[in-house]
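A.B. asks: You'll find target26.txt just under this line, and it carries compact mmCIF, C-alpha atoms.
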# COMPACT_ATOMS: atom_id res chain seq x y z
CA MET R 560 -90.23 -75.59 -38.16
CA SER R 561 -89.63 -73.00 -40.85
CA TYR R 562 -87.06 -70.27 -40.26
CA ASN R 563 -88.03 -68.38 -43.45
CA TRP R 564 -84.45 -68.57 -44.67
CA ILE R 565 -85.58 -68.93 -48.27
CA LYS R 566 -88.51 -68.07 -50.47
CA ALA R 567 -89.28 -71.58 -51.66
CA GLU R 568 -90.99 -70.28 -54.79
CA ASP R 569 -87.55 -69.19 -56.06
CA TYR R 570 -86.22 -72.76 -56.13
CA THR R 571 -86.95 -76.06 -57.87
CA MET R 572 -86.42 -79.73 -57.03
CA ASP R 573 -83.27 -79.61 -59.16
CA THR R 574 -81.68 -78.45 -55.89
CA VAL R 575 -81.66 -82.13 -54.85
CA LEU R 576 -78.98 -82.72 -57.50
CA LEU R 577 -76.64 -80.60 -55.36
CA PHE R 578 -77.24 -82.57 -52.15
CA ASP R 579 -74.48 -84.67 -50.59
CA ARG R 580 -75.16 -88.34 -49.98
CA TRP R 581 -75.76 -87.82 -46.26
CA VAL R 582 -78.41 -85.19 -47.03
CA ILE R 583 -80.18 -87.45 -49.53
CA ARG R 584 -80.07 -90.21 -46.93
CA TYR R 585 -81.75 -87.87 -44.46
CA VAL R 586 -84.46 -86.37 -46.66
CA MET R 587 -85.33 -89.43 -48.77
CA ASN R 588 -86.46 -91.35 -45.74
CA GLU R 589 -89.83 -92.37 -44.38
CA ASN R 590 -88.79 -91.05 -40.95
CA GLN R 591 -89.43 -87.55 -42.30
CA CYS R 592 -93.14 -88.33 -42.66
CA GLY R 593 -94.03 -87.82 -39.00
CA TRP R 594 -92.94 -84.19 -38.62
CA TYR R 595 -93.74 -82.96 -42.12
CA ASP R 596 -96.22 -80.07 -42.05
CA ASN R 597 -97.24 -81.12 -38.51
CA GLY R 598 -98.58 -84.38 -39.88
CA THR R 599 -101.32 -82.66 -41.90
CA ARG R 600 -99.88 -83.67 -45.28
CA SER R 601 -98.25 -86.81 -46.62
CA TYR R 602 -94.51 -86.42 -47.10
CA THR R 603 -94.35 -89.39 -49.46
CA SER R 604 -97.26 -88.14 -51.55
CA ASP R 605 -95.94 -84.58 -51.74
CA MET R 606 -92.48 -85.85 -52.64
CA ALA R 607 -94.01 -87.88 -55.47
CA LYS R 608 -95.93 -84.85 -56.72
CA ALA R 609 -92.90 -82.57 -56.37
CA LEU R 610 -90.69 -84.98 -58.34
CA SER R 611 -93.28 -85.78 -60.99
CA ARG R 612 -91.80 -83.18 -63.35
CA TYR R 613 -88.22 -84.26 -62.62
CA PRO R 614 -88.04 -87.96 -63.61
CA TYR R 615 -84.23 -87.97 -63.50
CA ILE R 616 -83.96 -87.11 -59.79
CA ILE R 617 -85.07 -90.46 -58.38
CA PRO R 618 -82.53 -92.47 -60.43
CA PHE R 619 -79.90 -89.93 -59.39
CA CYS R 620 -80.76 -90.38 -55.70
CA LYS R 621 -80.76 -94.18 -56.01
CA ARG R 622 -77.29 -94.10 -57.49
CA LYS R 623 -75.91 -91.62 -54.95
CA ALA R 624 -77.67 -93.07 -51.89
CA PRO R 625 -78.82 -96.64 -52.67
CA GLU R 626 -79.87 -97.09 -49.04
CA CYS R 627 -82.86 -94.83 -49.86
CA ALA R 628 -84.20 -97.17 -52.54
CA ASN R 629 -87.16 -98.45 -50.49
CA PHE R 630 -88.49 -94.96 -49.79
CA LEU R 631 -87.89 -93.87 -53.38
CA ASN R 632 -89.81 -96.91 -54.61
CA GLU R 633 -92.70 -95.85 -52.38
CA VAL R 634 -92.54 -92.42 -53.99
CA LEU R 635 -92.63 -94.02 -57.43
CA SER R 636 -95.69 -96.07 -56.44
CA VAL R 637 -97.77 -92.91 -55.84
CA SER R 638 -99.91 -92.18 -58.88
CA THR R 639 -99.44 -88.70 -60.35
CA LYS R 640 -101.17 -89.47 -63.64
CA ASN R 641 -103.87 -86.78 -63.37
CA LEU R 642 -101.80 -84.29 -61.44
CA SER R 643 -102.13 -80.67 -62.55
CA GLU R 644 -99.14 -78.36 -62.98
CA LYS R 645 -100.44 -76.25 -60.09
CA GLU R 646 -100.72 -79.24 -57.75
CA ALA R 647 -97.24 -80.39 -58.65
CA ARG R 648 -95.77 -76.94 -58.09
CA ASN R 649 -97.58 -76.49 -54.78
CA ALA R 650 -96.15 -79.79 -53.54
CA GLU R 651 -92.70 -78.78 -54.77
CA ILE R 652 -92.87 -75.51 -52.84
CA ALA R 653 -94.08 -77.32 -49.71
CA ILE R 654 -91.21 -79.82 -49.86
CA LEU R 655 -88.57 -77.17 -50.52
CA SER R 656 -89.90 -75.02 -47.69
CA ALA R 657 -89.76 -77.97 -45.30
CA LEU R 658 -86.19 -78.76 -46.36
CA GLU R 659 -84.98 -75.15 -46.31
CA THR R 660 -82.01 -75.88 -44.05
CA PHE R 661 -80.65 -78.28 -46.66
CA VAL R 662 -81.49 -75.95 -49.54
CA VAL R 663 -79.33 -73.17 -48.09
CA TYR R 664 -76.43 -75.62 -47.72
CA THR R 665 -76.32 -75.78 -51.52
CA TYR R 666 -76.34 -71.99 -51.94
CA PRO R 667 -73.65 -70.63 -49.58
CA GLU R 668 -74.19 -67.04 -50.68
CA VAL R 669 -77.79 -67.39 -49.47
CA MET R 670 -76.71 -69.13 -46.27
CA ASP R 671 -74.42 -66.23 -45.44
CA GLN R 672 -77.51 -63.99 -45.32
CA VAL R 673 -79.71 -66.10 -43.02
CA ASN R 674 -80.76 -64.56 -39.71
CA TYR R 675 -78.19 -66.17 -37.44
CA ILE R 676 -75.18 -65.32 -39.66
CA ARG R 677 -75.78 -61.96 -41.34
CA ASN R 678 -75.37 -59.73 -38.26
CA TRP R 679 -73.43 -62.03 -35.95
CA ASN R 680 -70.78 -60.25 -33.89
CA PRO R 681 -67.44 -62.13 -33.54
CA GLN R 682 -67.04 -60.57 -30.10
CA SER R 683 -69.52 -63.20 -28.90
CA LEU R 684 -66.89 -65.83 -29.66
CA TYR R 685 -63.93 -63.87 -28.32
CA LYS R 686 -65.66 -63.48 -24.95
CA LEU R 687 -65.96 -67.25 -24.51
CA ALA R 688 -62.26 -68.16 -24.65
CA ASP R 689 -58.80 -66.79 -25.30
CA LEU R 690 -58.04 -67.94 -28.84
CA ARG R 691 -54.57 -66.42 -29.07
CA GLY R 692 -52.01 -68.99 -30.19
CA LYS R 693 -54.49 -71.85 -29.92
CA ILE R 694 -55.16 -74.84 -32.19
CA VAL R 695 -58.90 -74.70 -32.87
CA LEU R 696 -61.47 -77.01 -34.47
CA ASP R 697 -64.74 -75.66 -35.84
CA VAL R 698 -67.28 -78.50 -36.10
CA GLY R 699 -69.98 -78.11 -38.75
CA SER R 700 -68.31 -74.98 -40.03
CA GLY R 701 -70.91 -74.11 -42.68
CA THR R 702 -69.78 -70.96 -44.49
CA GLY R 703 -67.11 -70.42 -41.84
CA ARG R 704 -68.72 -67.91 -39.46
CA LEU R 705 -66.72 -69.16 -36.47
CA ALA R 706 -63.64 -70.37 -38.32
CA PHE R 707 -62.87 -67.06 -40.01
CA ALA R 708 -63.46 -65.14 -36.78
CA ALA R 709 -61.17 -67.51 -34.85
CA SER R 710 -58.44 -67.31 -37.49
CA LYS R 711 -57.78 -63.66 -36.61
CA LEU R 712 -56.40 -64.76 -33.23
CA ALA R 713 -55.72 -68.50 -33.27
CA LYS R 714 -52.49 -70.14 -34.38
CA ARG R 715 -54.40 -72.56 -36.63
CA VAL R 716 -58.06 -73.34 -37.31
CA TYR R 717 -59.44 -76.56 -38.76
CA ALA R 718 -62.89 -76.18 -40.33
CA SER R 719 -64.72 -79.52 -40.37
CA GLU R 720 -67.75 -79.52 -42.70
CA PRO R 721 -69.66 -82.46 -44.27
CA CYS R 722 -71.13 -80.45 -47.20
CA ASP R 723 -68.84 -80.36 -50.22
CA ILE R 724 -70.26 -77.10 -51.60
CA LEU R 725 -69.70 -75.34 -48.28
CA ARG R 726 -66.14 -76.68 -48.05
CA GLU R 727 -65.38 -75.27 -51.49
CA TYR R 728 -67.01 -71.96 -50.57
CA MET R 729 -64.68 -71.63 -47.58
CA ARG R 730 -61.66 -72.65 -49.64
CA ASP R 731 -62.50 -69.99 -52.23
CA ARG R 732 -62.67 -67.35 -49.51
CA ILE R 733 -59.40 -68.54 -47.98
CA LYS R 734 -57.71 -68.21 -51.36
CA ARG R 735 -59.37 -64.88 -52.15
CA GLU R 736 -58.39 -63.35 -48.82
CA ASN R 737 -54.99 -65.08 -48.67
CA ILE R 738 -55.66 -66.63 -45.25
CA ALA R 739 -52.82 -68.93 -44.22
CA ASN R 740 -54.04 -70.49 -40.96
CA ILE R 741 -57.34 -72.20 -41.87
CA LYS R 742 -57.51 -75.78 -43.13
CA VAL R 743 -60.86 -77.08 -44.45
CA LEU R 744 -61.64 -80.80 -44.18
CA ASP R 745 -64.58 -83.18 -44.44
CA GLY R 746 -66.08 -84.47 -41.21
CA GLU R 747 -69.15 -84.35 -38.99
CA VAL R 748 -69.76 -84.14 -35.29
CA MET R 749 -70.33 -87.87 -34.69
CA ASN R 750 -67.17 -88.92 -36.52
CA LEU R 751 -64.43 -86.30 -36.39
CA PRO R 752 -61.39 -87.22 -38.53
CA TYR R 753 -58.80 -86.18 -35.95
CA GLU R 754 -56.61 -87.85 -33.34
CA ASP R 755 -57.39 -87.82 -29.62
CA ASN R 756 -56.33 -84.73 -27.65
CA THR R 757 -55.54 -82.60 -30.71
CA PHE R 758 -57.22 -79.24 -30.07
CA ASP R 759 -57.08 -76.53 -27.44
CA ILE R 760 -60.59 -75.40 -28.36
CA VAL R 761 -63.38 -77.29 -30.13
CA MET R 762 -66.22 -75.00 -31.14
CA SER R 763 -69.50 -75.23 -32.99
CA GLY R 764 -72.73 -73.35 -33.51
CA HIS R 765 -76.16 -74.91 -34.10
CA VAL R 766 -74.60 -78.38 -34.32
CA VAL R 767 -74.95 -80.16 -30.98
CA GLY R 768 -78.45 -81.33 -30.17
CA ASP R 769 -79.45 -84.45 -32.09
CA SER R 770 -77.52 -86.88 -29.84
CA TYR R 771 -76.06 -84.86 -26.99
CA ASP R 772 -74.03 -87.56 -25.24
CA GLU R 773 -72.51 -89.02 -28.40
CA GLU R 774 -71.76 -85.62 -29.95
CA ILE R 775 -70.20 -84.18 -26.80
CA ALA R 776 -68.19 -87.38 -26.26
CA GLU R 777 -66.70 -87.13 -29.75
CA MET R 778 -65.87 -83.45 -29.30
CA THR R 779 -64.33 -84.27 -25.91
CA ARG R 780 -62.20 -87.00 -27.46
CA VAL R 781 -60.35 -84.57 -29.72
CA THR R 782 -60.02 -81.84 -27.05
CA LYS R 783 -56.83 -81.61 -24.99
CA SER R 784 -57.10 -81.85 -21.22
CA GLY R 785 -57.59 -78.31 -19.96
CA GLY R 786 -59.13 -77.24 -23.26
CA TYR R 787 -62.64 -76.02 -23.98
CA ILE R 788 -65.72 -77.08 -25.89
CA ILE R 789 -67.71 -74.05 -27.02
CA CYS R 790 -71.18 -73.78 -28.50
CA CYS R 791 -71.33 -70.27 -29.94
CA ASN R 792 -74.69 -69.70 -31.57
CA GLY R 793 -75.61 -67.14 -34.17
CA ASP R 794 -77.64 -64.00 -33.64
CA ASP R 795 -81.27 -64.53 -34.57
CA GLU R 796 -84.53 -62.85 -33.59
CA PHE R 797 -85.86 -65.52 -31.22
CA LYS R 798 -86.32 -64.32 -27.64
CA ARG R 799 -85.25 -67.32 -25.57
CA THR R 800 -86.15 -67.27 -21.90
CA SER R 801 -83.84 -69.94 -20.50
CA ALA R 802 -80.66 -71.88 -21.17
CA ASN R 803 -80.53 -75.28 -22.85
CA GLN R 804 -80.78 -77.65 -19.90
CA ASN R 805 -79.43 -80.52 -21.96
CA LEU R 806 -76.13 -78.65 -22.10
CA VAL R 807 -76.25 -77.20 -18.58
CA SER R 808 -76.89 -80.65 -17.08
CA ARG R 809 -73.80 -81.91 -18.92
CA GLY R 810 -71.53 -79.36 -17.32
CA PHE R 811 -71.74 -76.39 -19.69
CA LYS R 812 -71.79 -72.84 -18.38
CA PHE R 813 -74.01 -70.43 -20.29
CA PHE R 814 -73.61 -66.81 -21.34
CA VAL R 815 -76.43 -64.54 -22.50
CA HIS R 816 -76.50 -61.56 -24.83
CA GLU R 817 -79.03 -59.67 -26.93
CA SER R 818 -78.47 -60.04 -30.65
CA ARG R 819 -78.47 -57.38 -33.33
CA GLU R 820 -81.48 -59.23 -34.76
CA GLY R 821 -83.41 -58.61 -31.54
CA GLY R 822 -83.20 -62.09 -30.07
CA ILE R 823 -81.90 -63.38 -26.75
CA ILE R 824 -78.92 -65.65 -27.40
CA TYR R 825 -77.38 -68.27 -25.12
CA ASP R 826 -73.81 -69.46 -25.74
CA TYR R 827 -72.13 -72.32 -23.86
CA ARG R 828 -68.66 -73.33 -22.66
CA LYS R 829 -67.25 -76.37 -20.90
CA ARG R 830 -63.68 -76.96 -19.79
CA ILE R 831 -62.42 -80.48 -20.34
CA PHE R 832 -60.23 -82.34 -17.88
CA LYS R 833 -58.99 -85.87 -18.55
Transcribe the structure of this file into structure tokens.
C.D. replies:
Amino acid sequence: MSYNWIKAEDYTMDTVLLFDRWVIRYVMNENQCGWYDNGTRSYTSDMAKALSRYPYIIPFCKRKAPECANFLNEVLSVSTKNLSEKEARNAEIAILSALETFVVYTYPEVMDQVNYIRNWNPQSLYKLADLRGKIVLDVGSGTGRLAFAASKLAKRVYASEPCDILREYMRDRIKRENIANIKVLDGEVMNLPYEDNTFDIVMSGHVVGDSYDEEIAEMTRVTKSGGYIICCNGDDEFKRTSANQNLVSRGFKFFVHESREGGIIYDYRKRIFK
């Protein structure tokens, strides 16, 4: 699914050189072939065409993520001998469009302007829990939408983010704005680098959903008894008609508001008792 976050024509495959290892592992994988362009095009073939003008990218990916070697060898086996410049560029644009979520991770200033961030209202977070004096974890912090909002009320906020470029982007803002109560660290939702029962509030937005039980279990582990897990989503233009039953069935209450972008947004909260 494309969210139209980027104009793919403005980017090149050199963007791959900015990817973290976990991103390369995800995108340089035959498992991507099934969903790509609704199965109407070959992911492997298009990747070969897209990379045909960038011979240094495959060796780079093999060094950074050697576990992707088999897929990259398949890409290398695709003949691009008679490929035209137009065909190569069209494939490049198709690949970059399909991977737009990862492209924006490498350009934080662009990410800050995507639909769910640009007009998000921090009041949506403040209505979900009392942050005053709390120790808070933001999982998958991105450019820090939730973390910076929480820092205005919380005692301390830990921003956990697996993308190095995004971590540095947040650190630059923290330094620029002289913010004393945010700490940025590496980490992702399935493997949070914190002790059990550390946080009063564990929050995220657009993170939980790949492996609900495992992700929620890990967030629960680091939440104090009596604390909250919050899923506070951004404000986009999509008009949802019902709550996420995967969260509701796991004990989350939902809250609905209309976004500045025109969409219908559902946020979620669950209190944790141990």
A.B. asks: Do you have, as CSV, the list of residues of stretch 643-758 of chain R lying at most 10 Å from stretch 816-831 of chain R, each with its nearest atom pair and that distance in Å to one decimal, counting all atoms listed in the file and ordered by chain then number?
C.D. replies:
residue,atom,partner,partner_atom,distance
R:Asn674,CA,R:Glu820,CA,7.3
R:Tyr675,CA,R:Glu820,CA,8.1
R:Arg677,CA,R:Glu820,CA,9.1
R:Asn678,CA,R:Arg819,CA,6.3
R:Trp679,CA,R:Arg819,CA,7.3
R:Asn680,CA,R:Arg819,CA,8.2
R:Ser683,CA,R:Asp826,CA,8.2
R:Leu684,CA,R:Asp826,CA,8.7
R:Leu687,CA,R:Arg828,CA,6.9
R:Ala688,CA,R:Arg828,CA,8.5
A.B. asks: Quick one: residues within 8 Å of stretch 624-638 of chain R, only C-alpha atoms counted, chain neighbours fewer than 5 positions away excluded, as a VMD selection string?
C.D. replies: chain R and resid 580 to 581 583 to 584 587 to 589 603 to 604 606 to 607 617
A.B. asks: In Å, with one decimal, what is the gap from atom CA of R:Gly768 to atom CA of R:Asn803?
C.D. replies: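 Computed distance, atom CA of R:Gly768 to atom CA of R:Asn803, equals 9.7 Å.
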A.B. asks: Can you tell me, as a PyMOL selection string, what residues are no more than 6 Å from stretch 722-733 of chain R when counting all atoms listed in the file, ignoring any on the same chain fewer than 5 positions away?
C.D. replies: chain R and resi 701-702+738
A.B. asks: Pick from R:Phe707, R:Phe797, R:Tyr787, R:Phe813: nearest to R:Ile775, with only C-alpha atoms counted?
C.D. replies: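 The closest residue to R:Ile775 is R:Tyr787.
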A.B. asks: Counting only C-alpha atoms, which of R:Thr574, R:Asn756, R:Thr800, R:Ser763 gets nearest to R:Lys833?
C.D. replies: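 Closest to R:Lys833 of all the choices is R:Asn756.
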A.B. asks: One number please: atom CA of R:Glu668 to atom CA of R:Pro721, in Å, one decimal.
C.D. replies: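 Between these atoms lies a distance of 17.3 Å.
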A.B. asks: Looking at all atoms listed in the file, which of R:Ser719, R:Asn805, R:Gln672, R:Thr571 is the one that sits closest to R:Tyr613?
C.D. replies: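 Result for the nearest residue to R:Tyr613: R:Thr571.
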A.B. asks: Have a look at atom CA of R:Arg648 and atom CA of R:Leu576 and let me know their distance in Å, one decimal.
C.D. replies: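 So the two atoms, atom CA of R:Arg648 and atom CA of R:Leu576, lie 17.8 Å apart.
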A.B. asks: Give me the residues near R:Phe758 as a list in words, where near means some atom within 7 Å (using only C-alpha atoms) and where sequence neighbours in that chain fewer than 2 positions away do not count.
C.D. replies: Ile694, Val695, Leu696, Asn756, Ile760, Val761, Val781, Thr782 and Lys783 of chain R
A.B. asks: Just the residues within 10 Å of R:Asp697, please, counting only C-alpha atoms, with nothing from its chain fewer than 5 positions along; format it as a list in words.
C.D. replies: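 Once the nearby chain positions are removed, what remains is Gly703, Arg704, Leu705, Ala706, Phe707, Ala709, Val716, Tyr717, Ala718, Ser719, Glu720, Val743, Val748, Ile760, Val761, Met762, Ser763, Gly764, Ile789 and Cys790 of chain R.
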A.B. asks: R:Thr665: which residues within 7 Å, counting all atoms listed in the file, same-chain residues fewer than 4 positions away excluded, as a PyMOL selection string?
C.D. replies: chain R and resi 577-578+661+724
A.B. asks: Which of these residues is nearest to R:Ile788, using only C-alpha atoms: R:Ile565, R:Ile741, R:Glu754, R:Val698?
C.D. replies: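 The closest residue to R:Ile788 is R:Val698.
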A.B. asks: Identify which of the residues R:Glu736, R:Tyr771, R:Lys621, R:Tyr615 lies closest to R:Val807, counting all atoms listed in the file when measuring atom-to-atom distances.
C.D. replies: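 Result for the nearest residue to R:Val807: R:Tyr771.
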A.B. asks: Would you list the residues near (-86.7, -60.3, -49.3) (no more than 12 Å away, in the coordinates of the file, using only C-alpha atoms) as a ChimeraX atom specification?
C.D. replies: /R:563-567,569,669,672-673
A.B. asks: Measuring atom to atom with all atoms listed in the file, identify which of R:Ala713, R:Pro752, R:Lys798, R:Gly810 is nearest to R:Asp772.
C.D. replies: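 The closest residue to R:Asp772 is R:Gly810.
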